[in-house]
Amino acid sequence: MTEKERKELLQKLLEKQRVGQLRPADRYKIPPQEMPQRDHVARRSNVNEVALGYTETQARLEAMRCLQCKNSPCIKGCPVQIRIQDFVAAIAEGDYKKALAIIKENSLLPAVCGRVCPQEVQCQQTCTVGLKFKDPTKAVSIGRLERFVADLGDDNTSVPAVAPETGMKVAVVGSGPGGIVAAADTRRAGHDVTMFEAFHKPGGVMVYGIPEFRLPKAIVQREIDTLRKMGVKIVCNFIVGRTRTVEQLMKEDGFDAVYIGVGAGLPSFMGIEGESLVGVYSANEYLTRSNLMKAYDFGKGADTPIARSKKVAVIGGGNVAMDSARMAVRLGAEKVYLLYRRTEKEMPARIEEVEHAKEEGIEFHILQSPKRIIGDENSRVTAIECLKYRLGEPDESGRRRPIPIEGSEFTIEVDTVIIAIGNIANPLIRQTTPGLEFNKWGNIVVDENCKTSLQSVYAGGDIVLGAATVILAMGQGRTAAAAINQYLAQKKKSKRQI
Amino acid sequence: MPHRIVSKKQISENVFTAEIEAPLIAQAGKPGQFVIISISSDYSERIPLTIAGADPQKGTIRLIWQRVGKTTAELSDLKVGEKIANVVGPLGKPTHIENFGTCVCVGGGIGNAPLLPIVKALEKAGNKIISIIGARTKELLILEEEFAKISDELIVTTDDGSYGRKALVTEPLKEVCQRSPKPNLVFVIGPAIMMKFCCEVTKKFNIPTQVSLNTIMVDGTGMCGGCRIEFDGQPKFVCVDGPDFEGHKVNFDLMIKRLNAYKDQEQRAYEDYQKHRCKIGLDKTRNPKHEIRNKSE
C-alpha cells in the first residue's frame, strides 16, 4: 500500500465515521499496518535503529482498526493498565497530545516501552482483533502506536510538576527502568531524590544491554535529562554495598527511604567444558562491550576491544540472544548461528526480534545445544560439540521440556560463543545488607507494595522478579514509589506531632 | 564527579603512581580491594587497578600502574590537577586478615604496590612478616623502603642481579618454605606467571597460598563475567568472588591465555595512541626521570 492509497483509505473511513456508518466489519477490513524498517542488507553494517516508526496516516489507520471493546481486554493484558483503547481512540481522532497524556498517566517511558515491550504476550495477546483473525500479529499494533505518539511528543516534553519540597530524602539504587520511574514519582511528591548508578552512565539495561539498533540511546538519555530537570540528583560510579551500604545511606547519609532496583546482574553459564576459553562471552559482556563501551567503534575512537569474529554461536532463545546475534552480525561476523534447545514456538524472544534476526541472515538451529566447547593450543575457541534435542512433557514453566538425544553429537566450527541463557541475582546487596530477606534464588522478598523486610526499604524489578521486562520493572518502580510517598507522608506527619 | 590528580610520580620508565581524589573510596576501601577507572566517559575503556593506599582524612587513594597499553599510557600522560572522569569502587572482597603466625609476602614488580597495604594489615594483626620482593632489574624495584619498615625479614631479588640477590623470587621462597617451623601462610602478588610458579613451590610444602588476581574486567560488579577464572575446576568471578584466591586451585595457564585475549587489538590501540601522541607533541615529557609533584607535598 502506498502512502497515497493509505491517505485515501483514511479519508474514506473518516467520512464513514462522520456520518455514523463505520461498522466493525469496516475496521476488520483495514489492512494491519506494517512497520517501516531499514533495509536488511544495509542495516547489517551499522547500529542504526531498524524499526523506523509509523507515518501519521499509518498510525491513524492502525488506530482505526481498534474496535473500542467495552470490556477492554487489552488493558487487562497491560502490566501497568494503560487506558489503551482511549489513547488509541485519540490517535484515530488525530489528537496525539491527548493520546500521549493518557499513556503518561500510567507509563513514564512510552518511547522505550513502545519499542521493547513484548506486546504480543501482553496487551496485543488479548486484543479482540487479533483473536478474530486467530493471529496475534494481526492484533492492533498497540506498541507501535505508543511509540508513534511518544516520538512525536519528543520536542515538547514538558518537565513534570514537582510538589513543594518535603525535606525527606529518597535513595534510588540503580538507574534502570524501575529506578527511573521510582525516582520520578518520588520526586514529583517533593522529596529530595538521589539516584545511584554503578556504571559511568545512567540507564541500566536500557544503556548497557538493549542495543542501539533496537532502542536508540538518545531516547534513554532524554528520560535521564527529564529526571535531572525535575531536580533528581544522579550519582554514577557508586556501588551500593561497596561504596556505601544501604545501612550507611539511611543511618549516616540521612536517607528516609531506599528503593533497590539493581537488576539481576549475574550471568548464568551452562556449566559445560570449555566455558572459560578465550572467545566465550556471556551475553552481558558481549552487549556491554558493544553497547555501553561502543566497541563497534574500536579503532575509530572507542578503546574497548571485542572479538573480531568470523563464525559465532549464540546460545539461547530470548531477546538477549537475538540482540547478541544481531550485534555479532553488525560487528562483521560472516556466520551467526543461534542455538536453542527447544523449538521456535517456545522461544521467549519477541516475534519481531526473531523475524529481524532471520532477515539479517542469522541461522536458527533449533533443538540443539552445546555439550562442550572445544579450543586450540592457545585456548581459543575452535568449535562446539552439540547434542540434538527432542521435546518431552511440559515442565514447570509450561513449556515442553527439551530432552537430549543420546549419541546425536555433532560439531560446528566457530571462533566465538555467546551464552545468553539468562541471569541470576547479584549477591552484592545480600552480602552487605543484614536483615534484608531473600528467597532461595537470591531475589529480594517484597509485599504487594514492594516493601522489603526492612523498615523504609523497598525493591522492584529483576532483583525481585528474576529476569523480567522493562515494563514490569517500571510497574514495580511505580508501586514502590506510591508506597514510599505514603510512608514518608505519614512519617512527616508523625514527626510534626512529636 | 571527576577525580582530580593530587600528586603524581614516575617511579621507573613505565611505572607511575598518583594520588587521586576519591573521598568515598578512601573511606570505604580495605586492603586487597580495587577500583575501575576510565579516563573519559564516552569512548574510554574501563580498567581495574588495585588500591595501593588510601588517606581517608585527605580523601585520596593511591594508584600505581605500569604503562602497558593505551589507557595506562593515557593515564601516565595526565598531569597533576587534571581529572579522571570515572573511578568506581572499592571493588572485590577485602583480603582476609587475621593473626596467622608467620606470613611470607611475595611481591613481584608492580605487584609490590597492592601487596604493601596487605602486609601492613597483617603486621598490625600480629603476624611475623617475611617479605620477598623482586623485580627484573634495580630500576624497576619499588617500595623497598616501605617493606623494610614493616617486615621482620626482607629479601630483595633482581632477575639480572643489578640489586639484591640475583634470583627469581621463587628461589628464596623455596628456602623460606624449607625452614622449620614452616611459614603458616604465603601471600603472592605479581605477574600471573610469577604467581603460578610461586604456587608450584608452596604446593610442594603444602603451605596455604593467597594470590590476588587482576584479570580483564568491564563492570567489576559480577555483571559481565569477563573476569572469570577456573578455580578448582569451577568458574569464579575475580571481581566479586575475589580478587583473592587460594592459589593452588587457580588454573593459571588458562587465566594467562584469557589475559591475552585482546593482545593484538590492545597493541594496535597503543601504537595508534603513541603515533597520535608524537603528533601533538606530548612526547617531550617522556623522560624517565621526569617527576611531577604537587607543591603542597
# chains A, B, ... in the order shown; residues from 1 in each chain; ligands from 1
>>> interface_residues(of="chain B", to="chain A", cutoff="9 Å", atoms="only C-alpha atoms", output="PyMOL selection string")
chain B and resi 1+24-25+27-29+38+41-46+70-71+85-92+218-219+221-226+228-230+234-235+240+254-255+257-262+265-266+268-269+272
>>> write_last_selection(atoms="C-alpha atoms", output="short mmCIF file (atom, residue, chain, number, x, y, z; two decimals), in the first residue's frame")
data_model
loop_
_atom_site.label_atom_id
_atom_site.label_comp_id
_atom_site.auth_asym_id
_atom_site.auth_seq_id
_atom_site.Cartn_x
_atom_site.Cartn_y
_atom_site.Cartn_z
CA MET B 1 32.19 13.66 39.96
CA LEU B 24 34.19 7.82 49.45
CA ILE B 25 36.54 5.12 48.21
CA GLN B 27 36.85 5.90 53.40
CA ALA B 28 35.40 2.53 52.40
CA GLY B 29 38.44 0.83 50.83
CA SER B 38 38.04 5.19 32.81
CA SER B 41 33.07 8.89 29.75
CA ASP B 42 32.20 8.18 26.18
CA TYR B 43 34.85 6.13 24.44
CA SER B 44 37.39 5.21 27.14
CA GLU B 45 37.80 1.63 28.25
CA ARG B 46 37.40 0.58 31.88
CA LYS B 70 46.61 2.79 25.58
CA THR B 71 44.68 3.53 28.74
CA ALA B 85 36.30 11.05 34.70
CA ASN B 86 35.37 7.81 36.41
CA VAL B 87 36.73 5.97 39.42
CA VAL B 88 34.42 3.36 40.93
CA GLY B 89 34.96 1.23 43.98
CA PRO B 90 36.08 -0.14 46.27
CA LEU B 91 35.51 -3.40 44.40
CA GLY B 92 36.13 -7.00 45.32
CA VAL B 218 34.30 -4.50 32.29
CA ASP B 219 31.87 -3.65 35.07
CA THR B 221 30.28 -5.97 39.88
CA GLY B 222 29.68 -9.50 38.62
CA MET B 223 27.51 -8.44 35.73
CA CYS B 224 29.63 -9.44 32.75
CA GLY B 225 31.67 -12.45 33.84
CA GLY B 226 34.58 -11.42 31.61
CA ARG B 228 36.11 -15.41 35.21
CA ILE B 229 38.82 -17.91 36.02
CA GLU B 230 38.80 -21.64 36.54
CA GLN B 234 34.67 -24.28 38.57
CA PRO B 235 34.17 -20.81 37.08
CA VAL B 240 33.02 -10.49 43.16
CA LEU B 254 44.02 -20.59 31.24
CA MET B 255 43.99 -17.29 33.08
CA LYS B 257 45.58 -17.02 27.95
CA ARG B 258 42.45 -15.07 28.82
CA LEU B 259 44.60 -12.10 29.80
CA ASN B 260 45.98 -12.14 26.26
CA ALA B 261 42.56 -12.36 24.60
CA TYR B 262 42.78 -8.90 23.06
CA GLN B 265 43.85 -5.10 19.37
CA GLU B 266 45.45 -3.67 22.50
CA ARG B 268 47.15 -1.62 17.82
CA ALA B 269 45.35 0.85 20.09
CA ASP B 272 47.82 4.43 17.41
#
>>> residues_around(residues="Ile189 of chain B", least_positions_apart="4", cutoff="12 Å", atoms="only C-alpha atoms", output="number ranges by chain")
B: 32, 50, 104-119, 131-134, 169, 193-199, 209-214, 243-245, 247
>>> residues_around(residues="Leu78 of chain B", least_positions_apart="3", cutoff="12 Å", atoms="only C-alpha atoms", output="VMD selection string")
chain B and resid 3 to 10 16 to 18 20 39 to 40 71 to 75 81 to 85 282 285 to 286 292
>>> write_last_selection(atoms="N, CA and C atoms", output="tab-separated table (two decimals), in the first residue's frame")
chain	number	residue	atom	x	y	z
B	3	HIS	N	37.65	12.97	39.18
B	3	HIS	CA	38.61	12.73	40.25
B	3	HIS	C	39.94	13.40	39.92
B	4	ARG	N	40.29	14.41	40.71
B	4	ARG	CA	41.48	15.20	40.45
B	4	ARG	C	42.73	14.42	40.85
B	5	ILE	N	43.77	14.59	40.07
B	5	ILE	CA	45.06	14.01	40.43
B	5	ILE	C	45.77	15.00	41.35
B	6	VAL	N	46.02	14.57	42.56
B	6	VAL	CA	46.58	15.46	43.57
B	6	VAL	C	48.11	15.47	43.48
B	7	SER	N	48.68	14.29	43.25
B	7	SER	CA	50.13	14.23	43.04
B	7	SER	C	50.44	13.07	42.13
B	8	LYS	N	51.59	13.14	41.50
B	8	LYS	CA	51.92	12.08	40.55
B	8	LYS	C	53.42	11.95	40.47
B	9	LYS	N	53.89	10.73	40.28
B	9	LYS	CA	55.33	10.50	40.24
B	9	LYS	C	55.62	9.35	39.29
B	10	GLN	N	56.69	9.53	38.53
B	10	GLN	CA	57.14	8.44	37.67
B	10	GLN	C	58.20	7.66	38.43
B	16	PHE	N	54.20	4.30	37.18
B	16	PHE	CA	53.79	5.60	37.70
B	16	PHE	C	52.94	5.40	38.95
B	17	THR	N	52.91	6.43	39.78
B	17	THR	CA	52.00	6.41	40.91
B	17	THR	C	51.33	7.77	41.02
B	18	ALA	N	50.11	7.77	41.48
B	18	ALA	CA	49.41	9.03	41.65
B	18	ALA	C	48.45	8.93	42.82
B	20	ILE	N	44.85	10.26	44.00
B	20	ILE	CA	43.66	10.72	43.28
B	20	ILE	C	42.53	11.00	44.26
B	39	ILE	N	39.10	7.04	31.74
B	39	ILE	CA	39.63	8.41	31.73
B	39	ILE	C	38.60	9.43	31.29
B	40	SER	N	37.80	9.09	30.28
B	40	SER	CA	36.68	9.95	29.96
B	40	SER	C	35.45	9.07	29.78
B	71	THR	N	45.27	2.84	27.60
B	71	THR	CA	44.68	3.53	28.74
B	71	THR	C	45.73	3.87	29.80
B	72	THR	N	46.64	2.92	30.07
B	72	THR	CA	47.68	3.23	31.07
B	72	THR	C	48.63	4.30	30.53
B	73	ALA	N	48.83	4.35	29.23
B	73	ALA	CA	49.68	5.39	28.64
B	73	ALA	C	49.00	6.75	28.79
B	74	GLU	N	47.71	6.76	28.51
B	74	GLU	CA	46.94	8.00	28.62
B	74	GLU	C	46.94	8.49	30.06
B	75	LEU	N	46.79	7.55	30.97
B	75	LEU	CA	46.80	7.87	32.40
B	75	LEU	C	48.16	8.45	32.77
B	81	GLY	N	46.45	17.94	38.82
B	81	GLY	CA	45.38	18.92	38.62
B	81	GLY	C	44.40	18.47	37.56
B	82	GLU	N	44.83	17.59	36.66
B	82	GLU	CA	43.90	17.07	35.65
B	82	GLU	C	43.03	15.99	36.29
B	83	LYS	N	41.96	15.63	35.57
B	83	LYS	CA	40.98	14.76	36.19
B	83	LYS	C	40.75	13.46	35.44
B	84	ILE	N	40.41	12.43	36.21
B	84	ILE	CA	39.98	11.16	35.65
B	84	ILE	C	38.46	11.17	35.77
B	85	ALA	N	37.76	10.90	34.68
B	85	ALA	CA	36.30	11.05	34.70
B	85	ALA	C	35.64	10.07	35.67
B	282	LEU	N	53.17	15.56	22.81
B	282	LEU	CA	53.16	15.13	24.22
B	282	LEU	C	54.46	14.42	24.59
B	285	THR	N	57.49	15.23	27.20
B	285	THR	CA	57.51	14.98	28.64
B	285	THR	C	58.01	13.58	28.96
B	286	ARG	N	58.28	12.81	27.93
B	286	ARG	CA	58.60	11.41	28.18
B	286	ARG	C	60.07	11.23	28.55
B	292	ILE	N	56.56	14.71	38.50
B	292	ILE	CA	55.58	15.79	38.68
B	292	ILE	C	55.07	15.68	40.11
>>> select_by_dssp(residues="segment 134-194 of chain B", states="strand (DSSP E or B)", output="VMD selection string")
chain B and resid 134 to 135 153 to 158 165 to 166 185 to 189
>>> write_last_selection(atoms="N, CA and C atoms", output="mmCIF file, in the first residue's frame")
data_model
loop_
_atom_site.group_PDB
_atom_site.id
_atom_site.type_symbol
_atom_site.label_atom_id
_atom_site.label_comp_id
_atom_site.auth_asym_id
_atom_site.auth_seq_id
_atom_site.Cartn_x
_atom_site.Cartn_y
_atom_site.Cartn_z
ATOM 1 N N GLY B 134 60.764 -8.676 44.467
ATOM 2 C CA GLY B 134 61.676 -8.830 43.339
ATOM 3 C C GLY B 134 61.273 -7.963 42.160
ATOM 4 N N ALA B 135 62.222 -7.794 41.269
ATOM 5 C CA ALA B 135 61.957 -7.070 40.028
ATOM 6 C C ALA B 135 62.929 -7.562 38.984
ATOM 7 N N GLU B 153 61.749 -9.623 58.259
ATOM 8 C CA GLU B 153 62.854 -10.033 57.406
ATOM 9 C C GLU B 153 62.508 -9.627 55.978
ATOM 10 N N LEU B 154 63.491 -9.071 55.262
ATOM 11 C CA LEU B 154 63.228 -8.653 53.883
ATOM 12 C C LEU B 154 64.286 -9.237 52.961
ATOM 13 N N ILE B 155 63.816 -9.917 51.912
ATOM 14 C CA ILE B 155 64.730 -10.458 50.907
ATOM 15 C C ILE B 155 64.422 -9.760 49.586
ATOM 16 N N VAL B 156 65.445 -9.183 48.982
ATOM 17 C CA VAL B 156 65.253 -8.485 47.714
ATOM 18 C C VAL B 156 65.973 -9.242 46.611
ATOM 19 N N THR B 157 65.284 -9.433 45.484
ATOM 20 C CA THR B 157 65.929 -10.114 44.353
ATOM 21 C C THR B 157 65.770 -9.293 43.084
ATOM 22 N N THR B 158 66.726 -9.436 42.177
ATOM 23 C CA THR B 158 66.516 -8.939 40.807
ATOM 24 C C THR B 158 66.914 -10.054 39.854
ATOM 25 N N ARG B 165 69.748 -9.953 45.680
ATOM 26 C CA ARG B 165 70.193 -11.269 45.262
ATOM 27 C C ARG B 165 69.799 -11.522 43.806
ATOM 28 N N LYS B 166 70.693 -12.114 43.028
ATOM 29 C CA LYS B 166 70.377 -12.425 41.633
ATOM 30 C C LYS B 166 69.573 -13.727 41.616
ATOM 31 N N LEU B 185 51.438 -19.093 56.203
ATOM 32 C CA LEU B 185 50.673 -18.628 55.045
ATOM 33 C C LEU B 185 51.594 -17.854 54.108
ATOM 34 N N VAL B 186 51.327 -17.983 52.813
ATOM 35 C CA VAL B 186 52.088 -17.211 51.826
ATOM 36 C C VAL B 186 51.120 -16.324 51.042
ATOM 37 N N PHE B 187 51.477 -15.050 50.876
ATOM 38 C CA PHE B 187 50.723 -14.143 50.013
ATOM 39 C C PHE B 187 51.574 -13.830 48.795
ATOM 40 N N VAL B 188 51.007 -13.929 47.618
ATOM 41 C CA VAL B 188 51.781 -13.593 46.422
ATOM 42 C C VAL B 188 50.997 -12.633 45.549
ATOM 43 N N ILE B 189 51.614 -11.519 45.192
ATOM 44 C CA ILE B 189 51.004 -10.638 44.198
ATOM 45 C C ILE B 189 52.072 -10.223 43.200
#
>>> atom_distance(atom1="atom CA of Val181 of chain A", atom2="atom CA of Gly477 of chain A")
5.4 Å
>>> residues_around(residues="segment 351-355 of chain A", least_positions_apart="3", cutoff="8 Å", atoms="only C-alpha atoms", output="JSON, numbers by chain")
{"A": [120, 319, 322, 358, 359]}
>>> atom_distance(atom1="atom CA of Val149 of chain A", atom2="atom CA of Thr57 of chain A")
12.6 Å
>>> select_by_dssp(residues="segment 25-216 of chain A", states="alpha helix (DSSP H)", output="ChimeraX atom specification")
/A:25-29,56-64,73-77,84-93,96-106,110-116,128-132,142-152,177-188,205-208
>>> closest_residue(among="A:Lys134, A:Lys388, A:Asn485, A:Arg43", to="Arg187 of chain A", atoms="only C-alpha atoms")
A:Asn485
>>> residues_around(residues="segment 91-98 of chain A", least_positions_apart="3", cutoff="12 Å", atoms="only C-alpha atoms", output="PyMOL selection string")
chain A and resi 10-11+13-14+17-18+27+56-68+83-88+101-105+142+144-158
>>> write_last_selection(atoms="N, CA and C atoms", output="compact mmCIF listing (two decimals), in the first residue's frame")
# COMPACT_ATOMS: atom_id res chain seq x y z
N LEU A 10 -7.90 6.39 4.53
CA LEU A 10 -8.18 7.07 5.78
C LEU A 10 -9.31 8.09 5.61
N GLN A 11 -9.27 8.84 4.51
CA GLN A 11 -10.32 9.83 4.25
C GLN A 11 -11.68 9.16 4.17
N LEU A 13 -12.62 6.32 5.44
CA LEU A 13 -13.03 5.80 6.75
C LEU A 13 -13.52 6.92 7.64
N LEU A 14 -12.79 8.04 7.60
CA LEU A 14 -13.18 9.18 8.44
C LEU A 14 -14.56 9.70 8.04
N GLN A 17 -17.12 7.42 9.31
CA GLN A 17 -17.27 7.60 10.74
C GLN A 17 -18.10 8.85 11.05
N ARG A 18 -17.83 9.88 10.25
CA ARG A 18 -18.51 11.16 10.48
C ARG A 18 -20.03 11.00 10.33
N ARG A 27 -13.77 -1.93 10.00
CA ARG A 27 -12.49 -1.85 10.73
C ARG A 27 -11.66 -3.12 10.47
N GLU A 56 2.10 9.30 10.01
CA GLU A 56 0.86 9.74 10.65
C GLU A 56 -0.34 8.98 10.09
N THR A 57 -0.38 8.83 8.79
CA THR A 57 -1.51 8.13 8.17
C THR A 57 -1.57 6.67 8.64
N GLN A 58 -0.39 6.05 8.67
CA GLN A 58 -0.35 4.67 9.15
C GLN A 58 -0.88 4.56 10.58
N ALA A 59 -0.45 5.50 11.41
CA ALA A 59 -0.86 5.46 12.81
C ALA A 59 -2.37 5.60 12.93
N ARG A 60 -2.93 6.52 12.16
CA ARG A 60 -4.38 6.71 12.28
C ARG A 60 -5.14 5.51 11.72
N LEU A 61 -4.65 4.95 10.63
CA LEU A 61 -5.30 3.76 10.06
C LEU A 61 -5.25 2.60 11.06
N GLU A 62 -4.06 2.41 11.63
CA GLU A 62 -3.90 1.31 12.58
C GLU A 62 -4.83 1.53 13.78
N ALA A 63 -4.91 2.78 14.22
CA ALA A 63 -5.76 3.10 15.37
C ALA A 63 -7.23 2.84 15.05
N MET A 64 -7.59 3.03 13.79
CA MET A 64 -8.99 2.81 13.41
C MET A 64 -9.34 1.34 13.34
N ARG A 65 -8.36 0.47 13.37
CA ARG A 65 -8.64 -0.97 13.42
C ARG A 65 -9.19 -1.37 14.79
N CYS A 66 -8.97 -0.52 15.79
CA CYS A 66 -9.42 -0.83 17.16
C CYS A 66 -10.94 -0.78 17.24
N LEU A 67 -11.54 -1.80 17.86
CA LEU A 67 -12.99 -1.90 17.92
C LEU A 67 -13.58 -1.16 19.11
N GLN A 68 -12.71 -0.63 19.97
CA GLN A 68 -13.16 0.04 21.19
C GLN A 68 -14.07 -0.88 22.03
N ARG A 83 -4.69 3.11 29.83
CA ARG A 83 -6.04 3.16 29.21
C ARG A 83 -5.86 3.08 27.69
N ILE A 84 -5.63 1.85 27.22
CA ILE A 84 -5.20 1.64 25.84
C ILE A 84 -6.25 2.10 24.84
N GLN A 85 -7.49 1.64 25.04
CA GLN A 85 -8.47 1.97 24.00
C GLN A 85 -8.69 3.47 23.89
N ASP A 86 -8.52 4.20 25.02
CA ASP A 86 -8.70 5.65 24.98
C ASP A 86 -7.57 6.33 24.22
N PHE A 87 -6.33 5.87 24.44
CA PHE A 87 -5.24 6.55 23.72
C PHE A 87 -5.28 6.18 22.24
N VAL A 88 -5.71 4.95 21.95
CA VAL A 88 -5.82 4.55 20.54
C VAL A 88 -6.93 5.38 19.86
N ALA A 101 -0.80 12.02 26.69
CA ALA A 101 -1.14 12.33 28.08
C ALA A 101 -1.81 11.12 28.75
N ILE A 102 -2.66 10.43 28.01
CA ILE A 102 -3.32 9.24 28.57
C ILE A 102 -2.28 8.17 28.91
N ILE A 103 -1.33 7.94 28.01
CA ILE A 103 -0.30 6.92 28.28
C ILE A 103 0.51 7.32 29.50
N LYS A 104 0.85 8.60 29.56
CA LYS A 104 1.74 9.06 30.64
C LYS A 104 1.09 9.00 32.03
N GLU A 105 -0.24 8.86 32.05
CA GLU A 105 -0.89 8.66 33.35
C GLU A 105 -0.31 7.40 34.02
N ILE A 142 -0.56 -2.00 19.19
CA ILE A 142 -0.62 -1.02 20.28
C ILE A 142 0.77 -0.44 20.57
N ARG A 144 3.35 -0.10 18.55
CA ARG A 144 3.80 0.83 17.51
C ARG A 144 3.07 2.17 17.63
N LEU A 145 1.82 2.10 18.05
CA LEU A 145 1.05 3.34 18.24
C LEU A 145 1.60 4.13 19.42
N GLU A 146 1.95 3.40 20.47
CA GLU A 146 2.53 4.05 21.64
C GLU A 146 3.83 4.76 21.25
N ARG A 147 4.64 4.05 20.49
CA ARG A 147 5.90 4.64 20.04
C ARG A 147 5.64 5.88 19.17
N PHE A 148 4.64 5.78 18.30
CA PHE A 148 4.34 6.89 17.40
C PHE A 148 4.07 8.18 18.17
N VAL A 149 3.19 8.12 19.16
CA VAL A 149 2.88 9.36 19.89
C VAL A 149 4.04 9.78 20.79
N ALA A 150 4.75 8.81 21.33
CA ALA A 150 5.88 9.16 22.21
C ALA A 150 6.95 9.90 21.41
N ASP A 151 7.22 9.43 20.18
CA ASP A 151 8.26 10.08 19.37
C ASP A 151 7.83 11.48 18.93
N LEU A 152 6.53 11.64 18.64
CA LEU A 152 6.02 12.96 18.26
C LEU A 152 6.17 13.94 19.41
N GLY A 153 5.94 13.43 20.61
CA GLY A 153 5.94 14.28 21.80
C GLY A 153 7.33 14.73 22.22
N ASP A 154 8.35 14.18 21.54
CA ASP A 154 9.72 14.46 21.94
C ASP A 154 10.08 15.92 22.10
N ASP A 155 9.72 16.69 21.08
CA ASP A 155 10.21 18.07 21.03
C ASP A 155 9.65 18.92 22.14
N ASN A 156 8.43 18.60 22.56
CA ASN A 156 7.83 19.47 23.56
C ASN A 156 7.59 18.73 24.88
N THR A 157 8.55 17.85 25.23
CA THR A 157 8.39 17.16 26.52
C THR A 157 8.46 18.21 27.62
N SER A 158 7.38 18.30 28.33
CA SER A 158 7.40 19.24 29.44
C SER A 158 7.89 18.49 30.67
>>> atom_distance(atom1="atom CA of Pro73 of chain A", atom2="atom CA of Gln122 of chain A")
10.0 Å
>>> closest_residue(among="A:Glu437, A:Arg341, A:Met230, A:Pro370", to="Arg390 of chain A", atoms="only C-alpha atoms")
A:Arg341
>>> residues_around(residues="Glu344 of chain A", least_positions_apart="4", cutoff="10 Å", atoms="only C-alpha atoms", output="ChimeraX atom specification")
/A:317,340,348-349,351,354,364-367
>>> decode(residues="segment 252-295 of chain A", atoms="C-alpha atoms", output="PDB file, in the first residue's frame")
ATOM      1  CA  GLU A 252      24.747   8.188  58.155  1.00  0.00           C
ATOM      2  CA  ASP A 253      23.625   9.918  54.978  1.00  0.00           C
ATOM      3  CA  GLY A 254      20.127  10.702  56.178  1.00  0.00           C
ATOM      4  CA  PHE A 255      18.020   8.940  53.557  1.00  0.00           C
ATOM      5  CA  ASP A 256      14.475   8.365  54.799  1.00  0.00           C
ATOM      6  CA  ALA A 257      13.646   5.655  52.270  1.00  0.00           C
ATOM      7  CA  VAL A 258      15.549   3.461  49.819  1.00  0.00           C
ATOM      8  CA  TYR A 259      14.350   1.835  46.590  1.00  0.00           C
ATOM      9  CA  ILE A 260      16.528  -1.053  45.420  1.00  0.00           C
ATOM     10  CA  GLY A 261      16.307  -1.667  41.688  1.00  0.00           C
ATOM     11  CA  VAL A 262      19.705  -3.115  40.898  1.00  0.00           C
ATOM     12  CA  GLY A 263      18.574  -5.638  38.299  1.00  0.00           C
ATOM     13  CA  ALA A 264      19.529  -9.292  38.054  1.00  0.00           C
ATOM     14  CA  GLY A 265      23.108  -8.730  37.163  1.00  0.00           C
ATOM     15  CA  LEU A 266      24.918 -12.082  37.295  1.00  0.00           C
ATOM     16  CA  PRO A 267      25.090 -14.064  34.051  1.00  0.00           C
ATOM     17  CA  SER A 268      24.269 -17.762  34.066  1.00  0.00           C
ATOM     18  CA  PHE A 269      26.737 -20.084  32.427  1.00  0.00           C
ATOM     19  CA  MET A 270      25.974 -23.617  31.299  1.00  0.00           C
ATOM     20  CA  GLY A 271      28.499 -25.485  33.402  1.00  0.00           C
ATOM     21  CA  ILE A 272      29.956 -27.253  30.388  1.00  0.00           C
ATOM     22  CA  GLU A 273      33.567 -27.953  29.482  1.00  0.00           C
ATOM     23  CA  GLY A 274      35.395 -25.096  27.783  1.00  0.00           C
ATOM     24  CA  GLU A 275      33.282 -22.205  29.029  1.00  0.00           C
ATOM     25  CA  SER A 276      36.318 -20.232  30.145  1.00  0.00           C
ATOM     26  CA  LEU A 277      38.094 -20.494  26.794  1.00  0.00           C
ATOM     27  CA  VAL A 278      39.107 -17.300  25.028  1.00  0.00           C
ATOM     28  CA  GLY A 279      36.220 -16.317  22.760  1.00  0.00           C
ATOM     29  CA  VAL A 280      33.430 -17.395  25.091  1.00  0.00           C
ATOM     30  CA  TYR A 281      31.316 -14.485  26.284  1.00  0.00           C
ATOM     31  CA  SER A 282      28.305 -14.043  28.472  1.00  0.00           C
ATOM     32  CA  ALA A 283      25.722 -12.038  26.528  1.00  0.00           C
ATOM     33  CA  ASN A 284      26.081  -9.387  29.228  1.00  0.00           C
ATOM     34  CA  GLU A 285      29.749  -8.950  28.468  1.00  0.00           C
ATOM     35  CA  TYR A 286      29.305  -9.031  24.713  1.00  0.00           C
ATOM     36  CA  LEU A 287      26.497  -6.487  24.800  1.00  0.00           C
ATOM     37  CA  THR A 288      28.111  -4.238  27.422  1.00  0.00           C
ATOM     38  CA  ARG A 289      31.306  -4.087  25.413  1.00  0.00           C
ATOM     39  CA  SER A 290      29.419  -3.231  22.268  1.00  0.00           C
ATOM     40  CA  ASN A 291      26.621  -1.015  23.629  1.00  0.00           C
ATOM     41  CA  LEU A 292      27.892   0.836  26.663  1.00  0.00           C
ATOM     42  CA  MET A 293      31.557   0.818  25.675  1.00  0.00           C
ATOM     43  CA  LYS A 294      30.833   1.217  21.934  1.00  0.00           C
ATOM     44  CA  ALA A 295      33.263  -1.500  20.889  1.00  0.00           C
TER      45      ALA A 295
END
